[in-house]
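Q: Attaching a single structure in structure tokens format; questions to follow.
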Number of protein chains: 4
Amino acid sequence: MTELASLPTDPQALAEATAAAMYERDHAAQALGMQVAQVGPGSALLKMSVRRDMVNGHQICHGGMIFALADTAFAYACNSGNQATVASACQIDFIAPAREGETLEAEATERVAAGRTGVYDVSVRTADGRMIALFRGKSHRIGGSVAGSTPA
Amino acid sequence: MTELASLPTDPQALAEATAAAMYERDHAAQALGMQVAQVGPGSALLKMSVRRDMVNGHQICHGGMIFALADTAFAYACNSGNQATVASACQIDFIAPAREGETLEAEATERVAAGRTGVYDVSVRTADGRMIALFRGKSHRIGGSVAGSTPA
Amino acid sequence: MTELASLPTDPQALAEATAAAMYERDHAAQALGMQVAQVGPGSALLKMSVRRDMVNGHQICHGGMIFALADTAFAYACNSGNQATVASACQIDFIAPAREGETLEAEATERVAAGRTGVYDVSVRTADGRMIALFRGKSHRIGGSVAGSTPA
Amino acid sequence: MTELASLPTDPQALAEATAAAMYERDHAAQALGMQVAQVGPGSALLKMSVRRDMVNGHQICHGGMIFALADTAFAYACNSGNQATVASACQIDFIAPAREGETLEAEATERVAAGRTGVYDVSVRTADGRMIALFRGKSHRIGGSVAGSTPA
């Protein structure tokens, strides 16, 4: 992983450094071709193209893949302060099906942070703005940091 | 896909024929190495090993992969009567982290079916019985069938 | 109930007329002392004071009463077009306890409407802006109207 | 409140003593006419009749009242070990409407308990067994006890 001699103190720079460190070891996000398009304090925008191996038995994008994208945007948003944080519960409403070849965009924003827990909303849309799913996640800080936390 | 000259009328045999037809075109379940260990009227048991490419930036199994397994078990359970059915909403509570190399088992059961909607519960456990996640999904029948529904 | 010789066609006026007709027969909202402070197309703001008979065994406002307020704001928002609509599922995250004597405000907004279903978000805050709960509801149109639908 | 010279150590007796102490100060449960029909370690059965003041603008039992009953059954189940515990999040699926005059029964059972958190399922049915709602709640232990915890 990235060893950071000293972590940035600016929230935006810290969010970017944390996202870079997370992504480097995030085998799942990489394997699904997700890209971190944007990250900030409490927010993240991720993109993923629906590949053939993401399609289910109804010939539409597997709900698990839509969830995985939303959940990953949530993870980058809730870890953006470099305090290791995991999902404790998530809820997703599927609005419309997504098709092979479409690019999905998941935008995560913090709704509330209180003590060690937080609530984040994620919208998943197609590139042309069609709403695919609405996701809400509850986060739980587990102690430790993300970037610079582990010897390489 | 599998062309079935005539579909079974026995519910257990129909569940198995439907699962086989679904799995054949379920690229996502195949790509994630999921196996349909058991299926019956309103129920399904699926297995998946946590591979390196399913691990996230915290070095534990990505929540999206745990969800994908649970959601797939839900799909096989709620389509077991060969009436095409999709998820309209899902909710997951993450209980404990899963590690690379562990095999996860997702057991889906129907809690209630009313008209075109249903509610299904899925438990995700490790092979040695440790609870990883509890999932609840709401299903919606969309019309059409699964097996034997599309010309090959 | 209110008999409306002719219903307004302006969306804001229709929302107000519908809310008035609903509230008149909404015994539960009345019994809990809820007030419809504002209503518009797809939105509603309701207020409720936490009475002694809303407090639970931990001496804080019963979660069911907080839910009831949020759910009612959701109901007024999703029925604002005078098409009879009910909740099919709801989810609530409790952020902080509310105390006897506090006034709670629930603000509901439509996140998405697609066919006969919709998703609404509700925030419950104290009068001084402290976040108490975040609620998300899924609505389902059942046919029929609200105002002017039933002979008095 | 009930002052208990010494609390029972038997789990069933402790659950009953805790429920009695909770109910005595549970103004909300009392005001809604709820009765604790049964309680045990990790479980509870509550009953409530749908009164006229629980009916909403669609002339059916207000979803908030159904939720309140389920949430209360959840509370009595998750506090049954006399360790003060609150709801952190809840989710409800409404299956069928309930009518004025019907008696509802909410049965809560523990699905999993891990550290300070737990997951409980509640089914709400009419007396003749019709399923009205399925509820799932996540609990969080806050420290302190229920029975015998506060000077009278």
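Ordering of the structure tokens sets the chain letters (A, B, ...), residue numbers begin anew at 1 in every chain, and ligands are numbered from 1 in the order given.
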Name the residues in contact with region 45-52 of chain C at a cut-off of 8 Å, using only C-alpha atoms, excluding same-chain residues fewer than 3 positions from it; report them as a PyMOL selection string.

A: (chain C and resi 32-39+55+61+69+72-73+98-108) or (chain D and resi 27-28)

Q: Mind fitting chain A to chain B by least squares on all Cα atoms in order and giving back the moved coordinates as a PDB file with C-alpha atoms, in the first residue's frame?

A:
ATOM      1  CA  MET A   1     -30.783 -21.579 -22.735  1.00  0.00           C
ATOM      2  CA  THR A   2     -32.381 -24.868 -21.879  1.00  0.00           C
ATOM      3  CA  GLU A   3     -35.422 -25.617 -24.008  1.00  0.00           C
ATOM      4  CA  LEU A   4     -37.839 -27.696 -22.030  1.00  0.00           C
ATOM      5  CA  ALA A   5     -40.260 -29.673 -24.175  1.00  0.00           C
ATOM      6  CA  SER A   6     -42.568 -29.743 -21.181  1.00  0.00           C
ATOM      7  CA  LEU A   7     -42.034 -28.278 -17.742  1.00  0.00           C
ATOM      8  CA  PRO A   8     -42.439 -30.471 -14.658  1.00  0.00           C
ATOM      9  CA  THR A   9     -45.608 -29.957 -12.621  1.00  0.00           C
ATOM     10  CA  ASP A  10     -44.155 -31.282  -9.350  1.00  0.00           C
ATOM     11  CA  PRO A  11     -43.117 -28.163  -7.336  1.00  0.00           C
ATOM     12  CA  GLN A  12     -39.723 -29.565  -6.363  1.00  0.00           C
ATOM     13  CA  ALA A  13     -38.896 -30.662  -9.895  1.00  0.00           C
ATOM     14  CA  LEU A  14     -40.136 -27.316 -11.254  1.00  0.00           C
ATOM     15  CA  ALA A  15     -37.910 -25.434  -8.781  1.00  0.00           C
ATOM     16  CA  GLU A  16     -34.911 -27.459  -9.918  1.00  0.00           C
ATOM     17  CA  ALA A  17     -35.664 -27.025 -13.625  1.00  0.00           C
ATOM     18  CA  THR A  18     -36.165 -23.291 -13.162  1.00  0.00           C
ATOM     19  CA  ALA A  19     -32.930 -22.910 -11.201  1.00  0.00           C
ATOM     20  CA  ALA A  20     -31.007 -24.802 -13.873  1.00  0.00           C
ATOM     21  CA  ALA A  21     -32.432 -22.588 -16.631  1.00  0.00           C
ATOM     22  CA  MET A  22     -31.724 -19.415 -14.623  1.00  0.00           C
ATOM     23  CA  TYR A  23     -28.191 -20.389 -13.717  1.00  0.00           C
ATOM     24  CA  GLU A  24     -27.306 -21.179 -17.313  1.00  0.00           C
ATOM     25  CA  ARG A  25     -27.720 -17.515 -18.259  1.00  0.00           C
ATOM     26  CA  ASP A  26     -26.787 -16.010 -14.879  1.00  0.00           C
ATOM     27  CA  HIS A  27     -23.377 -14.677 -15.865  1.00  0.00           C
ATOM     28  CA  ALA A  28     -22.976 -12.795 -12.585  1.00  0.00           C
ATOM     29  CA  ALA A  29     -23.561 -15.829 -10.352  1.00  0.00           C
ATOM     30  CA  GLN A  30     -21.192 -17.867 -12.490  1.00  0.00           C
ATOM     31  CA  ALA A  31     -18.476 -15.198 -12.536  1.00  0.00           C
ATOM     32  CA  LEU A  32     -18.578 -15.006  -8.729  1.00  0.00           C
ATOM     33  CA  GLY A  33     -18.249 -18.779  -8.463  1.00  0.00           C
ATOM     34  CA  MET A  34     -21.632 -19.240  -6.785  1.00  0.00           C
ATOM     35  CA  GLN A  35     -23.116 -22.707  -6.630  1.00  0.00           C
ATOM     36  CA  VAL A  36     -26.774 -23.546  -6.220  1.00  0.00           C
ATOM     37  CA  ALA A  37     -26.440 -26.232  -3.553  1.00  0.00           C
ATOM     38  CA  GLN A  38     -30.168 -26.744  -3.080  1.00  0.00           C
ATOM     39  CA  VAL A  39     -33.432 -25.295  -4.306  1.00  0.00           C
ATOM     40  CA  GLY A  40     -37.078 -25.984  -3.471  1.00  0.00           C
ATOM     41  CA  PRO A  41     -40.437 -24.256  -3.625  1.00  0.00           C
ATOM     42  CA  GLY A  42     -39.740 -20.839  -2.042  1.00  0.00           C
ATOM     43  CA  SER A  43     -36.250 -21.718  -0.848  1.00  0.00           C
ATOM     44  CA  ALA A  44     -32.644 -21.883  -2.009  1.00  0.00           C
ATOM     45  CA  LEU A  45     -29.190 -22.540  -0.594  1.00  0.00           C
ATOM     46  CA  LEU A  46     -26.212 -21.023  -2.396  1.00  0.00           C
ATOM     47  CA  LYS A  47     -22.488 -21.219  -1.674  1.00  0.00           C
ATOM     48  CA  MET A  48     -19.602 -18.950  -2.619  1.00  0.00           C
ATOM     49  CA  SER A  49     -15.939 -18.893  -1.648  1.00  0.00           C
ATOM     50  CA  VAL A  50     -14.439 -15.530  -0.762  1.00  0.00           C
ATOM     51  CA  ARG A  51     -11.761 -14.994  -3.389  1.00  0.00           C
ATOM     52  CA  ARG A  52      -8.972 -12.448  -3.347  1.00  0.00           C
ATOM     53  CA  ASP A  53     -10.858 -10.323  -5.893  1.00  0.00           C
ATOM     54  CA  MET A  54     -13.796 -10.075  -3.441  1.00  0.00           C
ATOM     55  CA  VAL A  55     -11.783  -8.361  -0.724  1.00  0.00           C
ATOM     56  CA  ASN A  56     -12.143  -4.607  -0.089  1.00  0.00           C
ATOM     57  CA  GLY A  57      -9.847  -1.848   1.138  1.00  0.00           C
ATOM     58  CA  HIS A  58     -10.235  -3.025   4.764  1.00  0.00           C
ATOM     59  CA  GLN A  59      -8.934  -6.497   3.783  1.00  0.00           C
ATOM     60  CA  ILE A  60     -12.266  -8.199   4.465  1.00  0.00           C
ATOM     61  CA  CYS A  61     -14.897  -9.542   2.097  1.00  0.00           C
ATOM     62  CA  HIS A  62     -16.600  -6.634   0.291  1.00  0.00           C
ATOM     63  CA  GLY A  63     -20.132  -6.084   1.598  1.00  0.00           C
ATOM     64  CA  GLY A  64     -21.307  -5.962  -1.987  1.00  0.00           C
ATOM     65  CA  MET A  65     -20.133  -9.537  -2.508  1.00  0.00           C
ATOM     66  CA  ILE A  66     -21.935 -10.753   0.620  1.00  0.00           C
ATOM     67  CA  PHE A  67     -25.035  -8.910  -0.571  1.00  0.00           C
ATOM     68  CA  ALA A  68     -24.683 -10.376  -4.074  1.00  0.00           C
ATOM     69  CA  LEU A  69     -24.655 -13.904  -2.646  1.00  0.00           C
ATOM     70  CA  ALA A  70     -27.700 -13.242  -0.450  1.00  0.00           C
ATOM     71  CA  ASP A  71     -29.530 -11.489  -3.281  1.00  0.00           C
ATOM     72  CA  THR A  72     -28.866 -14.414  -5.604  1.00  0.00           C
ATOM     73  CA  ALA A  73     -30.192 -16.939  -3.065  1.00  0.00           C
ATOM     74  CA  PHE A  74     -33.263 -14.697  -2.772  1.00  0.00           C
ATOM     75  CA  ALA A  75     -33.628 -14.667  -6.582  1.00  0.00           C
ATOM     76  CA  TYR A  76     -33.503 -18.461  -6.871  1.00  0.00           C
ATOM     77  CA  ALA A  77     -36.027 -18.819  -4.039  1.00  0.00           C
ATOM     78  CA  CYS A  78     -38.531 -16.280  -5.373  1.00  0.00           C
ATOM     79  CA  ASN A  79     -38.329 -17.556  -8.954  1.00  0.00           C
ATOM     80  CA  SER A  80     -38.671 -21.201  -7.915  1.00  0.00           C
ATOM     81  CA  GLY A  81     -42.279 -21.380  -9.169  1.00  0.00           C
ATOM     82  CA  ASN A  82     -41.078 -20.370 -12.665  1.00  0.00           C
ATOM     83  CA  GLN A  83     -42.883 -17.024 -12.565  1.00  0.00           C
ATOM     84  CA  ALA A  84     -40.397 -14.297 -13.442  1.00  0.00           C
ATOM     85  CA  THR A  85     -39.826 -12.252 -10.291  1.00  0.00           C
ATOM     86  CA  VAL A  86     -37.380  -9.467  -9.448  1.00  0.00           C
ATOM     87  CA  ALA A  87     -36.241  -7.705  -6.267  1.00  0.00           C
ATOM     88  CA  SER A  88     -37.948  -4.403  -5.554  1.00  0.00           C
ATOM     89  CA  ALA A  89     -36.066  -3.645  -2.331  1.00  0.00           C
ATOM     90  CA  CYS A  90     -33.536  -5.327  -0.049  1.00  0.00           C
ATOM     91  CA  GLN A  91     -32.090  -4.694   3.358  1.00  0.00           C
ATOM     92  CA  ILE A  92     -28.966  -6.224   4.884  1.00  0.00           C
ATOM     93  CA  ASP A  93     -27.467  -6.194   8.374  1.00  0.00           C
ATOM     94  CA  PHE A  94     -23.791  -7.010   8.507  1.00  0.00           C
ATOM     95  CA  ILE A  95     -23.032  -9.045  11.642  1.00  0.00           C
ATOM     96  CA  ALA A  96     -19.399 -10.118  11.322  1.00  0.00           C
ATOM     97  CA  PRO A  97     -16.667  -9.793   8.704  1.00  0.00           C
ATOM     98  CA  ALA A  98     -15.815 -12.670   6.338  1.00  0.00           C
ATOM     99  CA  ARG A  99     -12.260 -13.417   5.286  1.00  0.00           C
ATOM    100  CA  GLU A 100     -10.551 -14.476   2.069  1.00  0.00           C
ATOM    101  CA  GLY A 101     -10.727 -18.249   1.651  1.00  0.00           C
ATOM    102  CA  GLU A 102     -13.893 -18.767   3.681  1.00  0.00           C
ATOM    103  CA  THR A 103     -16.912 -20.394   2.066  1.00  0.00           C
ATOM    104  CA  LEU A 104     -20.182 -18.551   2.610  1.00  0.00           C
ATOM    105  CA  GLU A 105     -23.597 -20.201   2.590  1.00  0.00           C
ATOM    106  CA  ALA A 106     -26.759 -18.192   1.943  1.00  0.00           C
ATOM    107  CA  GLU A 107     -30.045 -19.814   2.855  1.00  0.00           C
ATOM    108  CA  ALA A 108     -33.204 -18.144   1.531  1.00  0.00           C
ATOM    109  CA  THR A 109     -36.716 -18.865   2.734  1.00  0.00           C
ATOM    110  CA  GLU A 110     -40.070 -17.352   1.869  1.00  0.00           C
ATOM    111  CA  ARG A 111     -41.678 -15.481   4.764  1.00  0.00           C
ATOM    112  CA  VAL A 112     -44.854 -14.395   3.017  1.00  0.00           C
ATOM    113  CA  ALA A 113     -46.299 -14.282  -0.478  1.00  0.00           C
ATOM    114  CA  ALA A 114     -49.276 -12.036  -1.167  1.00  0.00           C
ATOM    115  CA  GLY A 115     -50.478 -11.348  -4.686  1.00  0.00           C
ATOM    116  CA  ARG A 116     -47.566 -10.320  -6.871  1.00  0.00           C
ATOM    117  CA  THR A 117     -45.246  -9.497  -3.966  1.00  0.00           C
ATOM    118  CA  GLY A 118     -43.363 -11.583  -1.418  1.00  0.00           C
ATOM    119  CA  VAL A 119     -40.887 -11.225   1.426  1.00  0.00           C
ATOM    120  CA  TYR A 120     -37.867 -13.514   1.749  1.00  0.00           C
ATOM    121  CA  ASP A 121     -35.282 -13.877   4.503  1.00  0.00           C
ATOM    122  CA  VAL A 122     -31.713 -14.900   3.830  1.00  0.00           C
ATOM    123  CA  SER A 123     -29.058 -15.844   6.394  1.00  0.00           C
ATOM    124  CA  VAL A 124     -25.422 -15.785   5.338  1.00  0.00           C
ATOM    125  CA  ARG A 125     -23.145 -17.986   7.413  1.00  0.00           C
ATOM    126  CA  THR A 126     -19.659 -19.409   7.155  1.00  0.00           C
ATOM    127  CA  ALA A 127     -19.327 -23.170   6.673  1.00  0.00           C
ATOM    128  CA  ASP A 128     -18.748 -23.533  10.433  1.00  0.00           C
ATOM    129  CA  GLY A 129     -21.951 -21.653  11.253  1.00  0.00           C
ATOM    130  CA  ARG A 130     -20.727 -18.164  12.123  1.00  0.00           C
ATOM    131  CA  MET A 131     -23.415 -15.617  11.192  1.00  0.00           C
ATOM    132  CA  ILE A 132     -22.117 -13.075   8.667  1.00  0.00           C
ATOM    133  CA  ALA A 133     -25.242 -11.211   7.569  1.00  0.00           C
ATOM    134  CA  LEU A 134     -29.023 -11.157   7.689  1.00  0.00           C
ATOM    135  CA  PHE A 135     -30.812 -10.082   4.514  1.00  0.00           C
ATOM    136  CA  ARG A 136     -34.464  -9.411   3.765  1.00  0.00           C
ATOM    137  CA  GLY A 137     -35.776  -8.936   0.234  1.00  0.00           C
ATOM    138  CA  LYS A 138     -39.100  -7.881  -1.205  1.00  0.00           C
ATOM    139  CA  SER A 139     -39.985  -9.492  -4.507  1.00  0.00           C
ATOM    140  CA  HIS A 140     -42.229  -8.367  -7.333  1.00  0.00           C
ATOM    141  CA  ARG A 141     -43.574 -10.673 -10.059  1.00  0.00           C
ATOM    142  CA  ILE A 142     -43.111  -9.075 -13.470  1.00  0.00           C
ATOM    143  CA  GLY A 143     -45.031 -11.483 -15.704  1.00  0.00           C
ATOM    144  CA  GLY A 144     -43.602 -14.184 -17.938  1.00  0.00           C
ATOM    145  CA  SER A 145     -41.766 -17.318 -16.928  1.00  0.00           C
ATOM    146  CA  VAL A 146     -38.119 -18.208 -16.386  1.00  0.00           C
ATOM    147  CA  ALA A 147     -37.573 -21.692 -17.809  1.00  0.00           C
ATOM    148  CA  GLY A 148     -38.815 -22.372 -21.330  1.00  0.00           C
ATOM    149  CA  SER A 149     -39.746 -18.731 -21.792  1.00  0.00           C
ATOM    150  CA  THR A 150     -37.426 -17.593 -24.543  1.00  0.00           C
ATOM    151  CA  PRO A 151     -36.551 -19.218 -27.867  1.00  0.00           C
ATOM    152  CA  ALA A 152     -32.927 -20.394 -27.731  1.00  0.00           C
TER     153      ALA A 152
END

Q: Could you pull out the residues in region 27-152 of chain B that DSSP calls strand (DSSP E) from the backbone, as number ranges by chain?

A: B: 35-40, 43-49, 85-94, 103-114, 117-126, 131-141

Q: Those selected residues, please, written with C-alpha atoms and delivered as a PDB file, in the first residue's frame.

A:
ATOM      1  CA  GLN B  35     -23.115 -22.721  -6.639  1.00  0.00           C
ATOM      2  CA  VAL B  36     -26.782 -23.554  -6.236  1.00  0.00           C
ATOM      3  CA  ALA B  37     -26.449 -26.250  -3.556  1.00  0.00           C
ATOM      4  CA  GLN B  38     -30.175 -26.746  -3.085  1.00  0.00           C
ATOM      5  CA  VAL B  39     -33.436 -25.301  -4.304  1.00  0.00           C
ATOM      6  CA  GLY B  40     -37.081 -25.976  -3.465  1.00  0.00           C
ATOM      7  CA  SER B  43     -36.253 -21.733  -0.850  1.00  0.00           C
ATOM      8  CA  ALA B  44     -32.647 -21.893  -2.019  1.00  0.00           C
ATOM      9  CA  LEU B  45     -29.186 -22.551  -0.589  1.00  0.00           C
ATOM     10  CA  LEU B  46     -26.215 -21.033  -2.397  1.00  0.00           C
ATOM     11  CA  LYS B  47     -22.487 -21.229  -1.686  1.00  0.00           C
ATOM     12  CA  MET B  48     -19.609 -18.952  -2.619  1.00  0.00           C
ATOM     13  CA  SER B  49     -15.944 -18.900  -1.642  1.00  0.00           C
ATOM     14  CA  THR B  85     -39.829 -12.254 -10.303  1.00  0.00           C
ATOM     15  CA  VAL B  86     -37.388  -9.461  -9.447  1.00  0.00           C
ATOM     16  CA  ALA B  87     -36.245  -7.713  -6.279  1.00  0.00           C
ATOM     17  CA  SER B  88     -37.947  -4.403  -5.558  1.00  0.00           C
ATOM     18  CA  ALA B  89     -36.068  -3.646  -2.334  1.00  0.00           C
ATOM     19  CA  CYS B  90     -33.547  -5.320  -0.063  1.00  0.00           C
ATOM     20  CA  GLN B  91     -32.096  -4.696   3.352  1.00  0.00           C
ATOM     21  CA  ILE B  92     -28.962  -6.231   4.887  1.00  0.00           C
ATOM     22  CA  ASP B  93     -27.464  -6.196   8.369  1.00  0.00           C
ATOM     23  CA  PHE B  94     -23.786  -7.005   8.496  1.00  0.00           C
ATOM     24  CA  THR B 103     -16.915 -20.397   2.073  1.00  0.00           C
ATOM     25  CA  LEU B 104     -20.178 -18.554   2.616  1.00  0.00           C
ATOM     26  CA  GLU B 105     -23.608 -20.189   2.595  1.00  0.00           C
ATOM     27  CA  ALA B 106     -26.757 -18.193   1.937  1.00  0.00           C
ATOM     28  CA  GLU B 107     -30.049 -19.817   2.861  1.00  0.00           C
ATOM     29  CA  ALA B 108     -33.197 -18.139   1.531  1.00  0.00           C
ATOM     30  CA  THR B 109     -36.722 -18.865   2.736  1.00  0.00           C
ATOM     31  CA  GLU B 110     -40.086 -17.350   1.877  1.00  0.00           C
ATOM     32  CA  ARG B 111     -41.684 -15.492   4.759  1.00  0.00           C
ATOM     33  CA  VAL B 112     -44.837 -14.389   3.025  1.00  0.00           C
ATOM     34  CA  ALA B 113     -46.312 -14.276  -0.479  1.00  0.00           C
ATOM     35  CA  ALA B 114     -49.289 -12.020  -1.170  1.00  0.00           C
ATOM     36  CA  THR B 117     -45.234  -9.502  -3.961  1.00  0.00           C
ATOM     37  CA  GLY B 118     -43.374 -11.575  -1.416  1.00  0.00           C
ATOM     38  CA  VAL B 119     -40.887 -11.230   1.429  1.00  0.00           C
ATOM     39  CA  TYR B 120     -37.874 -13.514   1.751  1.00  0.00           C
ATOM     40  CA  ASP B 121     -35.280 -13.880   4.498  1.00  0.00           C
ATOM     41  CA  VAL B 122     -31.718 -14.905   3.820  1.00  0.00           C
ATOM     42  CA  SER B 123     -29.067 -15.836   6.387  1.00  0.00           C
ATOM     43  CA  VAL B 124     -25.423 -15.787   5.325  1.00  0.00           C
ATOM     44  CA  ARG B 125     -23.136 -17.978   7.416  1.00  0.00           C
ATOM     45  CA  THR B 126     -19.646 -19.407   7.148  1.00  0.00           C
ATOM     46  CA  MET B 131     -23.418 -15.622  11.192  1.00  0.00           C
ATOM     47  CA  ILE B 132     -22.112 -13.077   8.666  1.00  0.00           C
ATOM     48  CA  ALA B 133     -25.238 -11.216   7.560  1.00  0.00           C
ATOM     49  CA  LEU B 134     -29.023 -11.165   7.682  1.00  0.00           C
ATOM     50  CA  PHE B 135     -30.809 -10.089   4.514  1.00  0.00           C
ATOM     51  CA  ARG B 136     -34.466  -9.409   3.763  1.00  0.00           C
ATOM     52  CA  GLY B 137     -35.765  -8.935   0.240  1.00  0.00           C
ATOM     53  CA  LYS B 138     -39.086  -7.876  -1.203  1.00  0.00           C
ATOM     54  CA  SER B 139     -39.992  -9.486  -4.506  1.00  0.00           C
ATOM     55  CA  HIS B 140     -42.231  -8.367  -7.327  1.00  0.00           C
ATOM     56  CA  ARG B 141     -43.576 -10.645 -10.066  1.00  0.00           C
TER      57      ARG B 141
END

Q: Enumerate as a PyMOL selection string all residues of region 12-127 of chain B assigned to helix (DSSP H, G or I) by DSSP on the backbone, naming them with the chain letters and numbers the document uses.

A: chain B and resi 12-24+27-31+52-54+63-78

Q: How would the residues just picked look written out with N, CA and C atoms as a tab-separated table (two decimals), in the first residue's frame?

A:
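Okay, this is what ended up in again.tsv:
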chain	number	residue	atom	x	y	z
B	12	GLN	N	-41.16	-29.40	-6.57
B	12	GLN	CA	-39.72	-29.57	-6.35
B	12	GLN	C	-38.99	-29.70	-7.69
B	13	ALA	N	-39.54	-30.49	-8.58
B	13	ALA	CA	-38.91	-30.66	-9.89
B	13	ALA	C	-38.95	-29.35	-10.68
B	14	LEU	N	-40.04	-28.61	-10.54
B	14	LEU	CA	-40.14	-27.32	-11.24
B	14	LEU	C	-39.10	-26.34	-10.71
B	15	ALA	N	-38.93	-26.31	-9.37
B	15	ALA	CA	-37.92	-25.43	-8.77
B	15	ALA	C	-36.53	-25.77	-9.32
B	16	GLU	N	-36.24	-27.05	-9.43
B	16	GLU	CA	-34.91	-27.46	-9.92
B	16	GLU	C	-34.73	-27.12	-11.39
B	17	ALA	N	-35.76	-27.35	-12.20
B	17	ALA	CA	-35.66	-27.03	-13.63
B	17	ALA	C	-35.52	-25.52	-13.84
B	18	THR	N	-36.25	-24.75	-13.03
B	18	THR	CA	-36.18	-23.29	-13.16
B	18	THR	C	-34.79	-22.79	-12.77
B	19	ALA	N	-34.26	-23.32	-11.66
B	19	ALA	CA	-32.93	-22.91	-11.21
B	19	ALA	C	-31.88	-23.24	-12.27
B	20	ALA	N	-32.00	-24.41	-12.85
B	20	ALA	CA	-31.02	-24.80	-13.87
B	20	ALA	C	-31.08	-23.85	-15.06
B	21	ALA	N	-32.29	-23.50	-15.49
B	21	ALA	CA	-32.46	-22.59	-16.63
B	21	ALA	C	-31.93	-21.19	-16.28
B	22	MET	N	-32.20	-20.73	-15.07
B	22	MET	CA	-31.73	-19.42	-14.63
B	22	MET	C	-30.21	-19.37	-14.56
B	23	TYR	N	-29.65	-20.41	-13.95
B	23	TYR	CA	-28.21	-20.39	-13.71
B	23	TYR	C	-27.45	-20.38	-15.03
B	24	GLU	N	-28.00	-21.09	-16.03
B	24	GLU	CA	-27.32	-21.19	-17.32
B	24	GLU	C	-27.04	-19.82	-17.93
B	27	HIS	N	-24.82	-14.92	-15.73
B	27	HIS	CA	-23.38	-14.69	-15.86
B	27	HIS	C	-22.78	-14.19	-14.55
B	28	ALA	N	-23.52	-13.38	-13.82
B	28	ALA	CA	-22.98	-12.81	-12.58
B	28	ALA	C	-22.73	-13.89	-11.54
B	29	ALA	N	-23.74	-14.75	-11.33
B	29	ALA	CA	-23.57	-15.83	-10.35
B	29	ALA	C	-22.41	-16.74	-10.74
B	30	GLN	N	-22.30	-17.02	-12.03
B	30	GLN	CA	-21.20	-17.88	-12.49
B	30	GLN	C	-19.84	-17.20	-12.29
B	31	ALA	N	-19.77	-15.92	-12.63
B	31	ALA	CA	-18.49	-15.21	-12.53
B	31	ALA	C	-18.02	-15.12	-11.08
B	52	ARG	N	-9.76	-13.66	-3.52
B	52	ARG	CA	-8.95	-12.44	-3.35
B	52	ARG	C	-9.62	-11.23	-4.02
B	53	ASP	N	-10.25	-11.46	-5.19
B	53	ASP	CA	-10.86	-10.33	-5.90
B	53	ASP	C	-12.23	-9.96	-5.32
B	54	MET	N	-12.55	-10.47	-4.13
B	54	MET	CA	-13.79	-10.08	-3.44
B	54	MET	C	-13.48	-9.31	-2.17
B	63	GLY	N	-18.70	-5.94	1.27
B	63	GLY	CA	-20.12	-6.09	1.60
B	63	GLY	C	-20.97	-6.33	0.36
B	64	GLY	N	-20.56	-5.78	-0.75
B	64	GLY	CA	-21.31	-5.97	-1.99
B	64	GLY	C	-21.30	-7.41	-2.45
B	65	MET	N	-20.22	-8.12	-2.14
B	65	MET	CA	-20.14	-9.54	-2.53
B	65	MET	C	-21.01	-10.41	-1.61
B	66	ILE	N	-21.05	-10.05	-0.32
B	66	ILE	CA	-21.93	-10.76	0.61
B	66	ILE	C	-23.39	-10.52	0.21
B	67	PHE	N	-23.69	-9.26	-0.11
B	67	PHE	CA	-25.04	-8.92	-0.58
B	67	PHE	C	-25.37	-9.69	-1.86
B	68	ALA	N	-24.42	-9.73	-2.79
B	68	ALA	CA	-24.68	-10.39	-4.08
B	68	ALA	C	-25.05	-11.85	-3.87
B	69	LEU	N	-24.35	-12.51	-2.94
B	69	LEU	CA	-24.66	-13.92	-2.65
B	69	LEU	C	-26.08	-14.04	-2.07
B	70	ALA	N	-26.38	-13.20	-1.09
B	70	ALA	CA	-27.71	-13.25	-0.45
B	70	ALA	C	-28.80	-12.94	-1.47
B	71	ASP	N	-28.55	-11.93	-2.29
B	71	ASP	CA	-29.53	-11.50	-3.28
B	71	ASP	C	-29.78	-12.59	-4.32
B	72	THR	N	-28.74	-13.35	-4.63
B	72	THR	CA	-28.88	-14.43	-5.61
B	72	THR	C	-29.67	-15.59	-5.00
B	73	ALA	N	-29.40	-15.91	-3.73
B	73	ALA	CA	-30.19	-16.95	-3.07
B	73	ALA	C	-31.67	-16.54	-3.06
B	74	PHE	N	-31.91	-15.27	-2.74
B	74	PHE	CA	-33.26	-14.70	-2.78
B	74	PHE	C	-33.88	-14.88	-4.16
B	75	ALA	N	-33.11	-14.58	-5.21
B	75	ALA	CA	-33.63	-14.68	-6.58
B	75	ALA	C	-34.03	-16.11	-6.93
B	76	TYR	N	-33.18	-17.08	-6.54
B	76	TYR	CA	-33.51	-18.47	-6.87
B	76	TYR	C	-34.71	-18.95	-6.07
B	77	ALA	N	-34.86	-18.43	-4.85
B	77	ALA	CA	-36.02	-18.82	-4.04
B	77	ALA	C	-37.31	-18.22	-4.59
B	78	CYS	N	-37.26	-16.94	-4.98
B	78	CYS	CA	-38.52	-16.29	-5.36
B	78	CYS	C	-38.92	-16.57	-6.80
